[in-house]
Amino acid sequence: MSGLIWLDSDTPLPDPDFALPEGLVAAGNDLSVARLQEAYSKGVFPWFNEGDPVLWWSPDPRMVLACDDFKVSRSLGKKLRQIARQENTSNAQTIVTTDLAFQNVIRACAAPRATQSGTWISDRIIQAYGKWHELGQVHSVETWVDGKLAGGLYGVSIGGIFFGESMFAWVTDASKIALAHLVQFLSRHGVTHIDCQQDTQHLGSLGAATMCRRDFLGLLRELSRMPAPPWQAGRLLHDGRLLPLDAGGLQLKEET
C-alpha cells in the first residue's frame, strides 16, 4: 500500500480529494463510532476483508439514489398496493418495521450470497455498527411476512441523507419492499438522497445513478446540515408514516 496514509487513533482522515485512483483514502485499525462519524461526514466509508486493516474509501464516481428517482417495477408496485390495502387490518400478511431486529438484519446481510465467496460485513463491522445503532444513528428496516422476518436493510442516517449499507431478502422482493417504504419515510421528512456507494446494475435498475465525487461531497455538506428524520422502533406505513408500537405489539418472530 505504497503512498497510502496510515491512520493512528488520533490522526484525522485526509480529504477524500487526495484518494488513490481507485478511491482508497487511508488505512488503519480504528473502527470506533467516533471514527465512523468522522468518516461519513467526509463522504468516506470502511470496506475491507476480515484480517486486513480497516480500509477507508471514497469512490469516484459515487452511486446515489435520489428518492424522487426510485423505480418501482410493475410487479413490485402490485405488491406494494396490496400491502397498503391490508396495513390497517388485523390480518395483514406483510408489514414493515424500523429498528425492531437490527442484529438479525445486519447478520443476514453478512451471510455470503450465492454469487460471492465471502462477505465484507465482518464481526468487526457488526460490532461497530451495532454500537452506532445503540447511539441512534444507524437504523434497520425490516419486512415481515406471516410474522417472520423476510428481508430488510440497514444504513446510516446523518441529517438529510441516508447511507444505505446493505440489504437482504429471504422472500422475493422483501428487501425492495423495505426500500420502498424507506424512500417514502425519508421523503416525508425532507431527505432527498440515499448514498449507495458502489455502482451496480441492480442499484441502477432501482433508479440510482453515478455522481462525481466533488458533486457528491457538495451535496453531502448541504444535506448533513438538515435535521435527521424522527427515527424510532415502530411500524412503517406505505405513505412514510412511522407509528410507535403499542403495548400489544406485533406477533413477530426473529429468525435465529
# chains A, B, ... in the order shown; residues from 1 in each chain; ligands from 1
$ closest_atom_pairs --of "stretch 112-208 of chain A" --to "stretch 42-50 of chain A" --cutoff "12 Å" --atoms "only C-alpha atoms" --output "CSV"
residue,atom,partner,partner_atom,distance
A:Ser117,CA,A:Asn49,CA,11.6
A:Gly118,CA,A:Asn49,CA,8.7
A:Thr119,CA,A:Asn49,CA,7.5
A:Trp120,CA,A:Asn49,CA,5.5
A:Ile121,CA,A:Asn49,CA,8.2
A:Ser122,CA,A:Glu50,CA,6.0
A:Asp123,CA,A:Glu50,CA,8.2
A:Arg124,CA,A:Glu50,CA,8.2
A:Ile125,CA,A:Pro46,CA,8.7
A:Ile126,CA,A:Glu50,CA,11.8
A:Ala128,CA,A:Pro46,CA,10.9
A:Tyr129,CA,A:Pro46,CA,11.1
A:Gly155,CA,A:Phe45,CA,11.7
A:Val156,CA,A:Phe45,CA,10.7
A:Ile158,CA,A:Gly43,CA,11.1
A:Ile161,CA,A:Gly43,CA,11.1
A:Phe162,CA,A:Gly43,CA,11.7
A:Phe163,CA,A:Phe45,CA,9.6
A:Gly164,CA,A:Phe45,CA,11.1
A:Glu165,CA,A:Phe45,CA,9.7
A:Asp195,CA,A:Gly43,CA,9.4
A:Cys196,CA,A:Phe45,CA,11.1
A:Gln197,CA,A:Phe45,CA,8.6
A:Gln198,CA,A:Trp47,CA,11.0
$ residues_around --residues "stretch 231-245 of chain A" --least-positions-apart "6" --cutoff "10 Å" --atoms "only C-alpha atoms" --output "compact mmCIF listing (two decimals) with N, CA and C atoms, in the first residue's frame"
# COMPACT_ATOMS: atom_id res chain seq x y z
N LEU A 80 -46.87 -3.65 -3.43
CA LEU A 80 -46.94 -2.51 -2.52
C LEU A 80 -48.37 -2.02 -2.34
N ARG A 81 -49.15 -2.05 -3.40
CA ARG A 81 -50.56 -1.64 -3.30
C ARG A 81 -51.34 -2.62 -2.43
N ILE A 83 -50.07 -4.46 0.01
CA ILE A 83 -49.62 -4.21 1.39
C ILE A 83 -50.33 -2.99 1.96
N ALA A 84 -50.45 -1.93 1.15
CA ALA A 84 -51.11 -0.70 1.61
C ALA A 84 -52.57 -0.95 1.94
N ARG A 85 -53.24 -1.78 1.15
CA ARG A 85 -54.66 -2.05 1.39
C ARG A 85 -54.86 -2.83 2.68
N GLU A 87 -52.66 -2.89 5.40
CA GLU A 87 -51.85 -2.49 6.54
C GLU A 87 -52.68 -2.06 7.76
N ASN A 88 -53.92 -1.66 7.56
CA ASN A 88 -54.77 -1.27 8.69
C ASN A 88 -55.69 -2.39 9.15
N ILE A 95 -45.87 -6.77 6.72
CA ILE A 95 -45.73 -5.47 7.37
C ILE A 95 -44.25 -5.07 7.35
N VAL A 96 -44.02 -3.77 7.52
CA VAL A 96 -42.67 -3.22 7.51
C VAL A 96 -42.45 -2.47 8.81
N THR A 97 -41.29 -2.66 9.41
CA THR A 97 -40.97 -2.01 10.68
C THR A 97 -39.59 -1.37 10.61
N THR A 98 -39.28 -0.59 11.63
CA THR A 98 -37.95 0.01 11.76
C THR A 98 -37.37 -0.34 13.12
N ASP A 99 -36.10 -0.65 13.14
CA ASP A 99 -35.30 -0.81 14.36
C ASP A 99 -35.85 -1.86 15.33
N LEU A 100 -36.52 -2.87 14.82
CA LEU A 100 -37.01 -3.95 15.68
C LEU A 100 -36.07 -5.14 15.71
N ALA A 101 -35.26 -5.30 14.69
CA ALA A 101 -34.41 -6.51 14.61
C ALA A 101 -33.08 -6.16 13.94
N GLY A 136 -28.18 5.62 18.09
CA GLY A 136 -29.29 6.23 17.37
C GLY A 136 -29.00 6.79 16.00
N GLN A 137 -27.87 6.42 15.38
CA GLN A 137 -27.56 6.96 14.06
C GLN A 137 -27.56 5.89 12.97
N VAL A 138 -27.60 4.63 13.33
CA VAL A 138 -27.69 3.53 12.38
C VAL A 138 -29.03 2.83 12.60
N HIS A 139 -29.70 2.52 11.49
CA HIS A 139 -31.08 2.03 11.59
C HIS A 139 -31.31 0.86 10.64
N SER A 140 -32.29 0.04 11.01
CA SER A 140 -32.70 -1.07 10.16
C SER A 140 -34.16 -0.90 9.77
N VAL A 141 -34.48 -1.43 8.59
CA VAL A 141 -35.86 -1.51 8.12
C VAL A 141 -36.13 -2.98 7.83
N GLU A 142 -37.20 -3.52 8.41
CA GLU A 142 -37.47 -4.95 8.32
C GLU A 142 -38.79 -5.21 7.59
N THR A 143 -38.81 -6.21 6.75
CA THR A 143 -40.05 -6.71 6.13
C THR A 143 -40.38 -8.05 6.76
N SER A 157 -28.01 7.22 9.14
CA SER A 157 -28.82 8.42 8.93
C SER A 157 -28.09 9.61 9.52
N ILE A 177 -39.31 -4.14 -0.86
CA ILE A 177 -40.45 -3.62 -0.11
C ILE A 177 -39.96 -2.73 1.03
N ALA A 178 -38.90 -3.18 1.73
CA ALA A 178 -38.31 -2.36 2.79
C ALA A 178 -37.78 -1.05 2.23
N ALA A 180 -38.70 0.53 -0.54
CA ALA A 180 -39.81 1.38 -0.98
C ALA A 180 -40.42 2.13 0.20
N HIS A 181 -40.60 1.45 1.32
CA HIS A 181 -41.14 2.11 2.50
C HIS A 181 -40.14 3.11 3.07
N LEU A 182 -38.85 2.76 3.03
CA LEU A 182 -37.83 3.70 3.49
C LEU A 182 -37.85 4.97 2.66
N VAL A 183 -37.93 4.85 1.35
CA VAL A 183 -37.97 6.02 0.47
C VAL A 183 -39.13 6.93 0.84
N GLN A 184 -40.30 6.35 1.11
CA GLN A 184 -41.46 7.16 1.49
C GLN A 184 -41.23 7.86 2.83
N PHE A 185 -40.64 7.15 3.77
CA PHE A 185 -40.34 7.74 5.08
C PHE A 185 -39.35 8.89 4.96
N LEU A 186 -38.28 8.66 4.22
CA LEU A 186 -37.27 9.71 4.05
C LEU A 186 -37.86 10.92 3.34
N SER A 187 -38.60 10.68 2.27
CA SER A 187 -39.19 11.78 1.51
C SER A 187 -40.15 12.59 2.38
N ARG A 188 -40.88 11.93 3.21
CA ARG A 188 -41.85 12.58 4.10
C ARG A 188 -41.14 13.57 5.03
N HIS A 189 -39.88 13.28 5.35
CA HIS A 189 -39.13 14.12 6.29
C HIS A 189 -38.02 14.92 5.61
$ atom_distance --atom1 "atom CA of A:Ala111" --atom2 "atom CA of A:Asp30"
23.9 Å
$ residues_around --residues "A:Gly190" --least-positions-apart "4" --cutoff "9 Å" --atoms "only C-alpha atoms" --output "list in words"
Gly160, Phe185, Leu186, Met226, Pro227, Ala228 and Pro229 of chain A
$ closest_residue --among "A:Asn91, A:Arg213, A:Ser73, A:Arg225" --to "A:Pro21" --atoms "only C-alpha atoms"
A:Arg213
$ select_by_dssp --residues "stretch 41-174 of chain A" --states "helix (DSSP H, G or I)" --output "VMD selection string"
chain A and resid 41 67 to 69 74 to 86 102 to 110 123 to 134 174
$ write_last_selection --atoms "C-alpha atoms" --output "compact mmCIF listing (two decimals), in the first residue's frame"
# COMPACT_ATOMS: atom_id res chain seq x y z
CA SER A 41 -19.33 13.27 7.48
CA CYS A 67 -35.66 9.44 -3.67
CA ASP A 68 -37.70 11.03 -6.46
CA ASP A 69 -35.99 8.72 -8.97
CA ARG A 74 -44.97 -3.34 -12.20
CA SER A 75 -44.82 -6.50 -10.08
CA LEU A 76 -43.37 -4.66 -7.07
CA GLY A 77 -45.96 -1.91 -7.43
CA LYS A 78 -48.72 -4.51 -7.31
CA LYS A 79 -47.30 -5.96 -4.08
CA LEU A 80 -46.94 -2.51 -2.52
CA ARG A 81 -50.56 -1.64 -3.30
CA GLN A 82 -51.69 -4.90 -1.74
CA ILE A 83 -49.62 -4.21 1.39
CA ALA A 84 -51.11 -0.70 1.61
CA ARG A 85 -54.66 -2.05 1.39
CA GLN A 86 -54.04 -4.54 4.19
CA PHE A 102 -31.18 -4.66 13.82
CA GLN A 103 -28.85 -7.50 14.80
CA ASN A 104 -30.85 -10.01 12.75
CA VAL A 105 -30.80 -7.72 9.74
CA ILE A 106 -27.07 -6.95 9.77
CA ARG A 107 -26.20 -10.61 10.31
CA ALA A 108 -28.49 -11.64 7.46
CA CYS A 109 -26.79 -9.04 5.26
CA ALA A 110 -23.43 -10.52 6.30
CA ASP A 123 -17.67 -9.38 13.02
CA ARG A 124 -15.80 -6.10 13.50
CA ILE A 125 -18.28 -4.30 11.24
CA ILE A 126 -21.25 -5.91 13.03
CA GLN A 127 -19.88 -4.85 16.41
CA ALA A 128 -19.02 -1.30 15.33
CA TYR A 129 -22.31 -0.57 13.60
CA GLY A 130 -24.18 -2.27 16.45
CA LYS A 131 -22.67 0.28 18.86
CA TRP A 132 -23.55 3.09 16.44
CA HIS A 133 -27.10 1.75 16.22
CA GLU A 134 -27.39 1.89 20.02
CA ALA A 174 -38.73 -8.39 0.62
$ closest_residue --among "A:Val64, A:Leu206, A:Ala39, A:Ile194" --to "A:Lys176" --atoms "only C-alpha atoms"
A:Leu206
$ closest_residue --among "A:Val191, A:Gly152, A:Asp173, A:Leu65" --to "A:Leu203" --atoms "only C-alpha atoms"
A:Leu65
$ residues_around --residues "A:Trp56" --least-positions-apart "3" --cutoff "12 Å" --atoms "only C-alpha atoms" --output "PyMOL selection string"
chain A and resi 4-7+12-16+19-20+22-31+35-36+38-40+42-49+52-53+59
$ write_last_selection --atoms "C-alpha atoms" --output "PDB file, in the first residue's frame"
ATOM      1  CA  LEU A   4      -1.252   5.239   1.430  1.00  0.00           C
ATOM      2  CA  ILE A   5      -1.823   7.229   4.626  1.00  0.00           C
ATOM      3  CA  TRP A   6      -1.854   5.085   7.771  1.00  0.00           C
ATOM      4  CA  LEU A   7      -4.186   6.355  10.492  1.00  0.00           C
ATOM      5  CA  PRO A  12      -7.775  12.707  11.178  1.00  0.00           C
ATOM      6  CA  LEU A  13      -8.925  11.205   7.900  1.00  0.00           C
ATOM      7  CA  PRO A  14      -7.418  13.022   4.919  1.00  0.00           C
ATOM      8  CA  ASP A  15      -9.509  14.916   2.409  1.00  0.00           C
ATOM      9  CA  PRO A  16     -11.053  12.363   0.006  1.00  0.00           C
ATOM     10  CA  ALA A  19      -7.706   9.413  -2.549  1.00  0.00           C
ATOM     11  CA  LEU A  20      -5.837   6.960  -4.723  1.00  0.00           C
ATOM     12  CA  GLU A  22      -9.470   3.521  -7.149  1.00  0.00           C
ATOM     13  CA  GLY A  23     -10.946   5.597  -4.308  1.00  0.00           C
ATOM     14  CA  LEU A  24      -8.845   4.361  -1.376  1.00  0.00           C
ATOM     15  CA  VAL A  25      -8.325   7.192   1.117  1.00  0.00           C
ATOM     16  CA  ALA A  26      -6.451   5.682   4.071  1.00  0.00           C
ATOM     17  CA  ALA A  27      -5.893   2.584   6.200  1.00  0.00           C
ATOM     18  CA  GLY A  28      -5.744   1.897   9.918  1.00  0.00           C
ATOM     19  CA  ASN A  29      -7.196  -0.169  12.729  1.00  0.00           C
ATOM     20  CA  ASP A  30      -9.574   2.327  14.356  1.00  0.00           C
ATOM     21  CA  LEU A  31     -13.223   1.402  13.786  1.00  0.00           C
ATOM     22  CA  ARG A  35     -14.046   7.443  13.559  1.00  0.00           C
ATOM     23  CA  LEU A  36     -17.155   6.272  11.691  1.00  0.00           C
ATOM     24  CA  GLU A  38     -15.904  11.486  11.099  1.00  0.00           C
ATOM     25  CA  ALA A  39     -15.652   9.303   8.014  1.00  0.00           C
ATOM     26  CA  TYR A  40     -19.294   9.524   6.940  1.00  0.00           C
ATOM     27  CA  LYS A  42     -16.469  13.415   4.948  1.00  0.00           C
ATOM     28  CA  GLY A  43     -18.076  11.022   2.456  1.00  0.00           C
ATOM     29  CA  VAL A  44     -15.782   8.140   3.391  1.00  0.00           C
ATOM     30  CA  PHE A  45     -16.741   4.604   4.429  1.00  0.00           C
ATOM     31  CA  PRO A  46     -14.926   1.424   5.563  1.00  0.00           C
ATOM     32  CA  TRP A  47     -14.667  -1.606   3.287  1.00  0.00           C
ATOM     33  CA  PHE A  48     -12.160  -4.371   3.969  1.00  0.00           C
ATOM     34  CA  ASN A  49     -11.790  -8.123   4.292  1.00  0.00           C
ATOM     35  CA  ASP A  52      -6.982  -6.877   6.840  1.00  0.00           C
ATOM     36  CA  PRO A  53      -6.514  -3.342   8.160  1.00  0.00           C
ATOM     37  CA  PRO A  59     -15.121   6.199  -4.801  1.00  0.00           C
TER      38      PRO A  59
END
$ closest_residue --among "A:Asp8, A:Asp17, A:Val33, A:Trp170" --to "A:Ser58" --atoms "only C-alpha atoms"
A:Asp17
$ closest_residue --among "A:Met63, A:Asp146, A:Phe70, A:Thr94" --to "A:Gln201" --atoms "only C-alpha atoms"
A:Met63
